[in-house]
Amino acid sequence: MAALDLAVIGGTGLYRLASLQDAEAVTGDTPYGAPSGPIRVGRIAGRRVAFLARHGEGHSLPPHRVNYRANLWRLKDLGASKVLAINTVGGITERFGPRVLALPDQLIDYTWGRTSSFWDGEGGEVLHVDFGDPYTPSLRRAVLAAAAKSGTAIVDGGCYGATQGPRLETKAEIARMRRDGCDLVGMTGMPEAGLARELGLDYACLAVVANWAAGCSTDEEITLAEVLAHVEAASAGLPGLFDALLG
Ligand code: HPA
């Protein structure tokens with residue numbers, strides 16, 4: 001299978017890449033089980049790109065049930081060396097209001113009970129990968145350059161806090177995350193980023209801010225309709241960004 005120039009994992013509200021041309025659906029299992037759904041392999045700006053909807057194309061998988069290992073393994077198996085993860089998030093600090101696109105440079109993992117390593121004791125091998133910078137600097141730089149070229153506004157930097165979900169957080173949990181230094185909160189950033197590092201994949205997170213996190217605005221309640229409307233609006237810049245990234 002020819003190498004892929006980029007693999008994209010789509011989050012809540014992003015189940016297809018509109019600009020992916022001549023896409024072919026590829027299925028297939030891995031030693032870790034089945035990926036979230038078919039992987040669509042096609043072309044953007046003449047380059048080979050794969051797209052996978054993290055929650056399944058019908059959004060049937062909650063964050064704690066996503067088979068992160070199978071997804072990344074299969075993408076690598078198909079020839080990916082670079083993965084751009086799109087994650088829908090809540091905004092905690094001032095710069096990260098609804099509809100912002102952000103490229104975080106740090107993360108804190110609050111998830112629990114998820115299978116978080118390929119090195120699970122089978123075969124007696126244990127690996128401790130370096131994870132000081134969880135997102136690959138060269139891929140982050142490429143995305144920032146593409147954003148500048150395509151005129152897409154992106155906030156550079158910030159800390160992503162990965163929570164367990166699927167419920168949203170309490171105001172006290174978000175206040176603690178703010179004190180910890182988190183700017184964004186989402187449910188799917190981990191273990192995906194750590195697993196990508198274990199596989200030696202370049203990996204960056206493009207966060208789409210869908211709402212203010214609990215207690216960060218005067219809104220009483222966070223609704224799915226609000227989340228989806230903001231994701232749709234923020235995603236309008238993505239085709240131009242992908243064209244610039246791949247062109
Ligand atoms: N919290 C966690 N995950 C999210 C949120 C949130 O407020 N919004 C979108 N994904």
# chains A, B, ... in the order shown; residues from 1 in each chain; ligands from 1
$ closest_atom_pairs --of "chain A" --to "ligand 1" --cutoff "10 Å" --atoms "only C-alpha atoms and all ligand atoms" --output "Markdown table"
| residue | atom | partner | partner_atom_place_in_ligand_line | distance |
| --- | --- | --- | --- | --- |
| A:Gly11 | CA | ligand 1 | 10 (N) | 9.3 |
| A:Thr12 | CA | ligand 1 | 10 (N) | 7.9 |
| A:Pro63 | CA | ligand 1 | 3 (N) | 9.4 |
| A:Asn87 | CA | ligand 1 | 10 (N) | 7.7 |
| A:Thr88 | CA | ligand 1 | 10 (N) | 5.0 |
| A:Val89 | CA | ligand 1 | 9 (C) | 3.8 |
| A:Gly90 | CA | ligand 1 | 7 (O) | 3.8 |
| A:Gly91 | CA | ligand 1 | 7 (O) | 6.9 |
| A:Ile92 | CA | ligand 1 | 7 (O) | 8.4 |
| A:Pro98 | CA | ligand 1 | 8 (N) | 9.4 |
| A:Gly161 | CA | ligand 1 | 2 (C) | 8.7 |
| A:Ala162 | CA | ligand 1 | 2 (C) | 7.8 |
| A:Thr163 | CA | ligand 1 | 2 (C) | 6.6 |
| A:Gln164 | CA | ligand 1 | 2 (C) | 8.4 |
| A:Gly165 | CA | ligand 1 | 2 (C) | 6.9 |
| A:Pro166 | CA | ligand 1 | 3 (N) | 8.0 |
| A:Arg167 | CA | ligand 1 | 2 (C) | 7.8 |
| A:Leu168 | CA | ligand 1 | 1 (N) | 5.0 |
| A:Glu169 | CA | ligand 1 | 1 (N) | 6.0 |
| A:Thr170 | CA | ligand 1 | 1 (N) | 9.4 |
| A:Ile174 | CA | ligand 1 | 1 (N) | 8.7 |
| A:Leu184 | CA | ligand 1 | 1 (N) | 8.2 |
| A:Val185 | CA | ligand 1 | 2 (C) | 4.9 |
| A:Gly186 | CA | ligand 1 | 3 (N) | 3.5 |
| A:Met187 | CA | ligand 1 | 3 (N) | 5.0 |
| A:Thr188 | CA | ligand 1 | 3 (N) | 8.0 |
| A:Gly189 | CA | ligand 1 | 3 (N) | 9.7 |
| A:Ala207 | CA | ligand 1 | 10 (N) | 9.6 |
| A:Val208 | CA | ligand 1 | 9 (C) | 8.3 |
| A:Val209 | CA | ligand 1 | 9 (C) | 6.9 |
| A:Ala210 | CA | ligand 1 | 9 (C) | 5.5 |
| A:Asn211 | CA | ligand 1 | 8 (N) | 5.6 |
| A:Trp212 | CA | ligand 1 | 7 (O) | 6.3 |
| A:Ala213 | CA | ligand 1 | 7 (O) | 4.1 |
| A:Ala214 | CA | ligand 1 | 7 (O) | 6.3 |
| A:Gly215 | CA | ligand 1 | 7 (O) | 9.8 |
| A:Cys216 | CA | ligand 1 | 7 (O) | 9.6 |
| A:Ile222 | CA | ligand 1 | 7 (O) | 7.4 |
| A:Thr223 | CA | ligand 1 | 8 (N) | 9.4 |
| A:Leu224 | CA | ligand 1 | 9 (C) | 8.9 |
| A:Glu226 | CA | ligand 1 | 8 (N) | 9.7 |
| A:Val227 | CA | ligand 1 | 9 (C) | 6.6 |
| A:Leu228 | CA | ligand 1 | 9 (C) | 9.1 |
| A:His230 | CA | ligand 1 | 9 (C) | 10.0 |
| A:Val231 | CA | ligand 1 | 9 (C) | 9.1 |
$ residues_around --residues "segment 143-153 of chain A" --least-positions-apart "3" --cutoff "8 Å" --atoms "only C-alpha atoms" --output "PDB file with N, CA, C and O atoms, in the first residue's frame"
ATOM      1  N   VAL A 100     -13.497  28.809  18.141  1.00  0.00           N
ATOM      2  CA  VAL A 100     -12.056  28.967  17.947  1.00  0.00           C
ATOM      3  C   VAL A 100     -11.460  27.637  17.500  1.00  0.00           C
ATOM      4  O   VAL A 100     -11.885  26.568  17.928  1.00  0.00           O
ATOM      5  N   LEU A 101     -10.484  27.712  16.590  1.00  0.00           N
ATOM      6  CA  LEU A 101      -9.652  26.542  16.273  1.00  0.00           C
ATOM      7  C   LEU A 101      -8.345  26.730  17.027  1.00  0.00           C
ATOM      8  O   LEU A 101      -7.766  27.823  17.001  1.00  0.00           O
ATOM      9  N   LEU A 139       4.912  18.827  12.944  1.00  0.00           N
ATOM     10  CA  LEU A 139       3.547  18.790  12.401  1.00  0.00           C
ATOM     11  C   LEU A 139       2.763  20.033  12.858  1.00  0.00           C
ATOM     12  O   LEU A 139       2.008  20.618  12.089  1.00  0.00           O
ATOM     13  N   ARG A 140       2.997  20.453  14.105  1.00  0.00           N
ATOM     14  CA  ARG A 140       2.345  21.682  14.582  1.00  0.00           C
ATOM     15  C   ARG A 140       2.771  22.866  13.714  1.00  0.00           C
ATOM     16  O   ARG A 140       1.952  23.688  13.313  1.00  0.00           O
ATOM     17  N   ASP A 156      -2.427  29.439  18.657  1.00  0.00           N
ATOM     18  CA  ASP A 156      -1.229  28.592  18.761  1.00  0.00           C
ATOM     19  C   ASP A 156      -0.905  28.345  20.236  1.00  0.00           C
ATOM     20  O   ASP A 156      -0.608  29.271  20.971  1.00  0.00           O
ATOM     21  N   GLY A 237     -13.538  26.509   8.039  1.00  0.00           N
ATOM     22  CA  GLY A 237     -12.180  26.841   7.591  1.00  0.00           C
ATOM     23  C   GLY A 237     -11.327  25.621   7.278  1.00  0.00           C
ATOM     24  O   GLY A 237     -10.205  25.769   6.778  1.00  0.00           O
ATOM     25  N   GLY A 240      -9.974  24.738   3.433  1.00  0.00           N
ATOM     26  CA  GLY A 240      -8.877  25.630   3.008  1.00  0.00           C
ATOM     27  C   GLY A 240      -7.584  25.281   3.730  1.00  0.00           C
ATOM     28  O   GLY A 240      -6.500  25.288   3.140  1.00  0.00           O
ATOM     29  N   LEU A 241      -7.707  24.969   5.011  1.00  0.00           N
ATOM     30  CA  LEU A 241      -6.528  24.617   5.801  1.00  0.00           C
ATOM     31  C   LEU A 241      -5.886  23.324   5.276  1.00  0.00           C
ATOM     32  O   LEU A 241      -4.666  23.241   5.102  1.00  0.00           O
ATOM     33  N   PHE A 242      -6.720  22.331   4.981  1.00  0.00           N
ATOM     34  CA  PHE A 242      -6.180  21.049   4.478  1.00  0.00           C
ATOM     35  C   PHE A 242      -5.528  21.232   3.108  1.00  0.00           C
ATOM     36  O   PHE A 242      -4.483  20.660   2.835  1.00  0.00           O
ATOM     37  N   ALA A 244      -4.070  23.880   1.997  1.00  0.00           N
ATOM     38  CA  ALA A 244      -2.783  24.560   2.186  1.00  0.00           C
ATOM     39  C   ALA A 244      -1.762  23.604   2.824  1.00  0.00           C
ATOM     40  O   ALA A 244      -0.575  23.644   2.504  1.00  0.00           O
ATOM     41  N   LEU A 245      -2.236  22.740   3.712  1.00  0.00           N
ATOM     42  CA  LEU A 245      -1.331  21.807   4.401  1.00  0.00           C
ATOM     43  C   LEU A 245      -0.752  20.778   3.424  1.00  0.00           C
ATOM     44  O   LEU A 245       0.400  20.375   3.534  1.00  0.00           O
TER      45      LEU A 245
END
$ closest_residue --among "A:Thr30, A:Thr115, A:Thr136, A:Gln106" --to "Arg65 of chain A" --atoms "only C-alpha atoms"
A:Thr115
$ closest_residue --among "A:Glu198, A:Glu57, A:Glu192, A:Asp183" --to "Asp120 of chain A" --atoms "only C-alpha atoms"
A:Glu198
$ residues_around --residues "Gln21 of chain A" --least-positions-apart "6" --cutoff "10 Å" --atoms "only C-alpha atoms" --output "VMD selection string"
chain A and resid 40 to 49
$ closest_residue --among "A:Glu232, A:Pro191, A:Lys82, A:Ala225" --to "Tyr68 of chain A" --atoms "only C-alpha atoms"
A:Pro191
$ select_by_dssp --residues "segment 100-210 of chain A" --states "alpha helix (DSSP H)" --output "compact mmCIF listing (two decimals) with all heavy atoms, in the first residue's frame"
# COMPACT_ATOMS: atom_id res chain seq x y z
N PRO A 137 6.30 18.74 17.22
CA PRO A 137 6.54 20.14 16.84
C PRO A 137 6.53 20.38 15.33
O PRO A 137 5.97 21.37 14.86
CB PRO A 137 7.91 20.44 17.46
CG PRO A 137 7.99 19.53 18.64
CD PRO A 137 7.30 18.25 18.20
N SER A 138 7.12 19.47 14.54
CA SER A 138 7.18 19.73 13.09
C SER A 138 5.78 19.71 12.47
O SER A 138 5.47 20.51 11.59
CB SER A 138 8.08 18.70 12.39
OG SER A 138 7.64 17.40 12.69
N LEU A 139 4.91 18.83 12.94
CA LEU A 139 3.55 18.79 12.40
C LEU A 139 2.76 20.03 12.86
O LEU A 139 2.01 20.62 12.09
CB LEU A 139 2.83 17.49 12.83
CG LEU A 139 1.44 17.27 12.26
CD1 LEU A 139 1.43 17.34 10.73
CD2 LEU A 139 0.87 15.91 12.70
N ARG A 140 3.00 20.45 14.10
CA ARG A 140 2.34 21.68 14.58
C ARG A 140 2.77 22.87 13.71
O ARG A 140 1.95 23.69 13.31
CB ARG A 140 2.69 21.96 16.04
CG ARG A 140 2.05 21.00 17.04
CD ARG A 140 2.26 21.46 18.47
NE ARG A 140 1.43 22.60 18.80
CZ ARG A 140 1.81 23.87 18.81
NH1 ARG A 140 3.05 24.20 18.55
NH2 ARG A 140 0.96 24.83 19.09
N ARG A 141 4.07 22.93 13.42
CA ARG A 141 4.57 24.05 12.61
C ARG A 141 3.94 24.02 11.22
O ARG A 141 3.57 25.05 10.66
CB ARG A 141 6.11 23.99 12.49
CG ARG A 141 6.82 24.53 13.72
CD ARG A 141 8.30 24.81 13.42
NE ARG A 141 9.03 23.61 13.04
CZ ARG A 141 9.58 22.76 13.91
NH1 ARG A 141 9.51 23.00 15.20
NH2 ARG A 141 10.22 21.68 13.50
N ALA A 142 3.81 22.83 10.65
CA ALA A 142 3.22 22.71 9.31
C ALA A 142 1.76 23.18 9.32
O ALA A 142 1.31 23.86 8.40
CB ALA A 142 3.31 21.26 8.83
N VAL A 143 1.03 22.83 10.38
CA VAL A 143 -0.38 23.25 10.47
C VAL A 143 -0.46 24.78 10.63
O VAL A 143 -1.29 25.45 10.00
CB VAL A 143 -1.10 22.53 11.63
CG1 VAL A 143 -2.51 23.08 11.82
CG2 VAL A 143 -1.15 21.02 11.37
N LEU A 144 0.42 25.34 11.44
CA LEU A 144 0.41 26.79 11.64
C LEU A 144 0.76 27.52 10.34
O LEU A 144 0.14 28.53 10.00
CB LEU A 144 1.39 27.19 12.74
CG LEU A 144 0.97 26.77 14.16
CD1 LEU A 144 2.10 27.00 15.15
CD2 LEU A 144 -0.29 27.52 14.60
N ALA A 145 1.71 26.97 9.59
CA ALA A 145 2.08 27.59 8.30
C ALA A 145 0.92 27.51 7.33
O ALA A 145 0.61 28.47 6.61
CB ALA A 145 3.32 26.89 7.73
N ALA A 146 0.22 26.36 7.32
CA ALA A 146 -0.94 26.20 6.43
C ALA A 146 -2.06 27.15 6.84
O ALA A 146 -2.76 27.71 5.98
CB ALA A 146 -1.43 24.75 6.49
N ALA A 147 -2.22 27.36 8.12
CA ALA A 147 -3.25 28.29 8.59
C ALA A 147 -2.94 29.71 8.11
O ALA A 147 -3.83 30.43 7.63
CB ALA A 147 -3.35 28.24 10.12
N ALA A 148 -1.67 30.09 8.22
CA ALA A 148 -1.28 31.43 7.77
C ALA A 148 -1.51 31.57 6.27
O ALA A 148 -2.07 32.57 5.80
CB ALA A 148 0.19 31.68 8.12
N LYS A 149 -1.13 30.53 5.52
CA LYS A 149 -1.25 30.56 4.05
C LYS A 149 -2.71 30.63 3.62
O LYS A 149 -3.06 31.31 2.66
CB LYS A 149 -0.58 29.29 3.51
CG LYS A 149 -0.37 29.24 2.03
CD LYS A 149 0.56 28.08 1.70
CE LYS A 149 0.17 27.44 0.39
NZ LYS A 149 0.79 26.12 0.21
N SER A 150 -3.58 29.92 4.34
CA SER A 150 -4.98 29.85 3.92
C SER A 150 -5.85 30.91 4.61
O SER A 150 -7.06 30.97 4.38
CB SER A 150 -5.55 28.45 4.23
OG SER A 150 -5.52 28.21 5.61
N LYS A 171 -18.66 22.25 37.57
CA LYS A 171 -17.97 23.55 37.63
C LYS A 171 -16.70 23.42 38.49
O LYS A 171 -15.67 24.02 38.19
CB LYS A 171 -18.90 24.62 38.21
CG LYS A 171 -20.05 24.95 37.26
CD LYS A 171 -21.01 25.94 37.89
CE LYS A 171 -22.21 26.17 36.97
NZ LYS A 171 -23.24 27.01 37.59
N ALA A 172 -16.77 22.64 39.55
CA ALA A 172 -15.59 22.46 40.42
C ALA A 172 -14.47 21.73 39.68
O ALA A 172 -13.29 22.05 39.84
CB ALA A 172 -15.98 21.71 41.69
N GLU A 173 -14.86 20.76 38.87
CA GLU A 173 -13.82 20.04 38.10
C GLU A 173 -13.13 20.99 37.12
O GLU A 173 -11.90 20.95 36.95
CB GLU A 173 -14.44 18.85 37.35
CG GLU A 173 -14.77 17.68 38.28
CD GLU A 173 -15.66 16.61 37.65
OE1 GLU A 173 -16.37 16.90 36.65
OE2 GLU A 173 -15.66 15.48 38.16
N ILE A 174 -13.93 21.83 36.47
CA ILE A 174 -13.32 22.78 35.51
C ILE A 174 -12.47 23.80 36.25
O ILE A 174 -11.38 24.17 35.80
CB ILE A 174 -14.41 23.46 34.66
CG1 ILE A 174 -15.11 22.43 33.75
CG2 ILE A 174 -13.83 24.61 33.83
CD1 ILE A 174 -14.24 21.79 32.68
N ALA A 175 -12.94 24.26 37.43
CA ALA A 175 -12.13 25.22 38.22
C ALA A 175 -10.79 24.58 38.59
O ALA A 175 -9.75 25.23 38.53
CB ALA A 175 -12.91 25.65 39.46
N ARG A 176 -10.82 23.31 38.94
CA ARG A 176 -9.56 22.62 39.26
C ARG A 176 -8.66 22.54 38.02
O ARG A 176 -7.45 22.77 38.09
CB ARG A 176 -9.82 21.21 39.79
CG ARG A 176 -8.51 20.48 40.08
CD ARG A 176 -8.70 19.08 40.61
NE ARG A 176 -9.14 18.17 39.58
CZ ARG A 176 -8.86 16.86 39.54
NH1 ARG A 176 -8.15 16.31 40.51
NH2 ARG A 176 -9.30 16.10 38.59
N MET A 177 -9.29 22.22 36.88
CA MET A 177 -8.49 22.11 35.66
C MET A 177 -7.87 23.46 35.30
O MET A 177 -6.73 23.53 34.84
CB MET A 177 -9.37 21.60 34.51
CG MET A 177 -9.81 20.15 34.71
SD MET A 177 -10.90 19.55 33.41
CE MET A 177 -9.72 19.28 32.08
N ARG A 178 -8.62 24.53 35.52
CA ARG A 178 -8.07 25.87 35.26
C ARG A 178 -6.85 26.12 36.16
O ARG A 178 -5.81 26.59 35.72
CB ARG A 178 -9.16 26.92 35.53
CG ARG A 178 -8.75 28.35 35.18
CD ARG A 178 -9.72 29.34 35.78
NE ARG A 178 -11.02 29.33 35.12
CZ ARG A 178 -11.34 30.08 34.06
NH1 ARG A 178 -10.44 30.89 33.56
NH2 ARG A 178 -12.54 30.02 33.54
N ARG A 179 -6.99 25.75 37.44
CA ARG A 179 -5.86 25.92 38.37
C ARG A 179 -4.67 25.06 37.94
O ARG A 179 -3.52 25.45 38.11
CB ARG A 179 -6.26 25.54 39.81
CG ARG A 179 -7.22 26.52 40.46
CD ARG A 179 -7.31 26.28 41.97
NE ARG A 179 -7.85 24.97 42.34
CZ ARG A 179 -9.14 24.64 42.41
NH1 ARG A 179 -10.06 25.55 42.13
NH2 ARG A 179 -9.51 23.43 42.76
N ASP A 180 -4.96 23.92 37.38
CA ASP A 180 -3.89 23.03 36.90
C ASP A 180 -3.18 23.59 35.67
O ASP A 180 -2.12 23.10 35.28
CB ASP A 180 -4.46 21.65 36.51
CG ASP A 180 -4.80 20.78 37.71
OD1 ASP A 180 -4.47 21.17 38.85
OD2 ASP A 180 -5.38 19.70 37.49
N GLU A 192 -5.14 8.68 22.96
CA GLU A 192 -4.77 8.70 21.53
C GLU A 192 -3.36 9.26 21.30
O GLU A 192 -2.55 8.66 20.57
CB GLU A 192 -5.82 9.52 20.76
CG GLU A 192 -5.80 9.28 19.28
CD GLU A 192 -6.97 10.00 18.61
OE1 GLU A 192 -6.81 11.18 18.24
OE2 GLU A 192 -8.04 9.39 18.47
N ALA A 193 -3.07 10.42 21.93
CA ALA A 193 -1.77 11.06 21.69
C ALA A 193 -0.62 10.17 22.16
O ALA A 193 0.41 10.06 21.50
CB ALA A 193 -1.72 12.42 22.38
N GLY A 194 -0.79 9.54 23.32
CA GLY A 194 0.27 8.68 23.86
C GLY A 194 0.49 7.44 23.00
O GLY A 194 1.62 7.00 22.78
N LEU A 195 -0.60 6.88 22.51
CA LEU A 195 -0.50 5.69 21.66
C LEU A 195 0.19 6.03 20.33
O LEU A 195 0.98 5.25 19.81
CB LEU A 195 -1.89 5.11 21.39
CG LEU A 195 -2.58 4.49 22.61
CD1 LEU A 195 -4.06 4.25 22.33
CD2 LEU A 195 -1.90 3.18 23.01
N ALA A 196 -0.13 7.22 19.80
CA ALA A 196 0.52 7.65 18.55
C ALA A 196 2.03 7.74 18.77
O ALA A 196 2.82 7.31 17.92
CB ALA A 196 -0.04 9.00 18.10
N ARG A 197 2.43 8.27 19.92
CA ARG A 197 3.87 8.36 20.22
C ARG A 197 4.49 6.97 20.30
O ARG A 197 5.58 6.73 19.81
CB ARG A 197 4.06 9.14 21.53
CG ARG A 197 5.49 9.34 21.96
CD ARG A 197 6.31 10.18 20.98
NE ARG A 197 5.74 11.44 20.60
CZ ARG A 197 5.90 12.60 21.27
NH1 ARG A 197 6.66 12.64 22.33
NH2 ARG A 197 5.34 13.72 20.83
N GLU A 198 3.77 6.05 20.94
CA GLU A 198 4.31 4.68 21.03
C GLU A 198 4.53 4.07 19.65
O GLU A 198 5.45 3.29 19.45
CB GLU A 198 3.36 3.79 21.84
CG GLU A 198 3.40 4.06 23.33
CD GLU A 198 2.65 3.02 24.16
OE1 GLU A 198 1.93 2.17 23.58
OE2 GLU A 198 2.76 3.08 25.39
$ atom_distance --atom1 "atom CA of Leu246 of chain A" --atom2 "atom CA of Leu14 of chain A"
19.1 Å
$ closest_residue --among "A:Arg69, A:Arg99, A:His55, A:Lys76" --to "Phe118 of chain A" --atoms "only C-alpha atoms"
A:Arg69
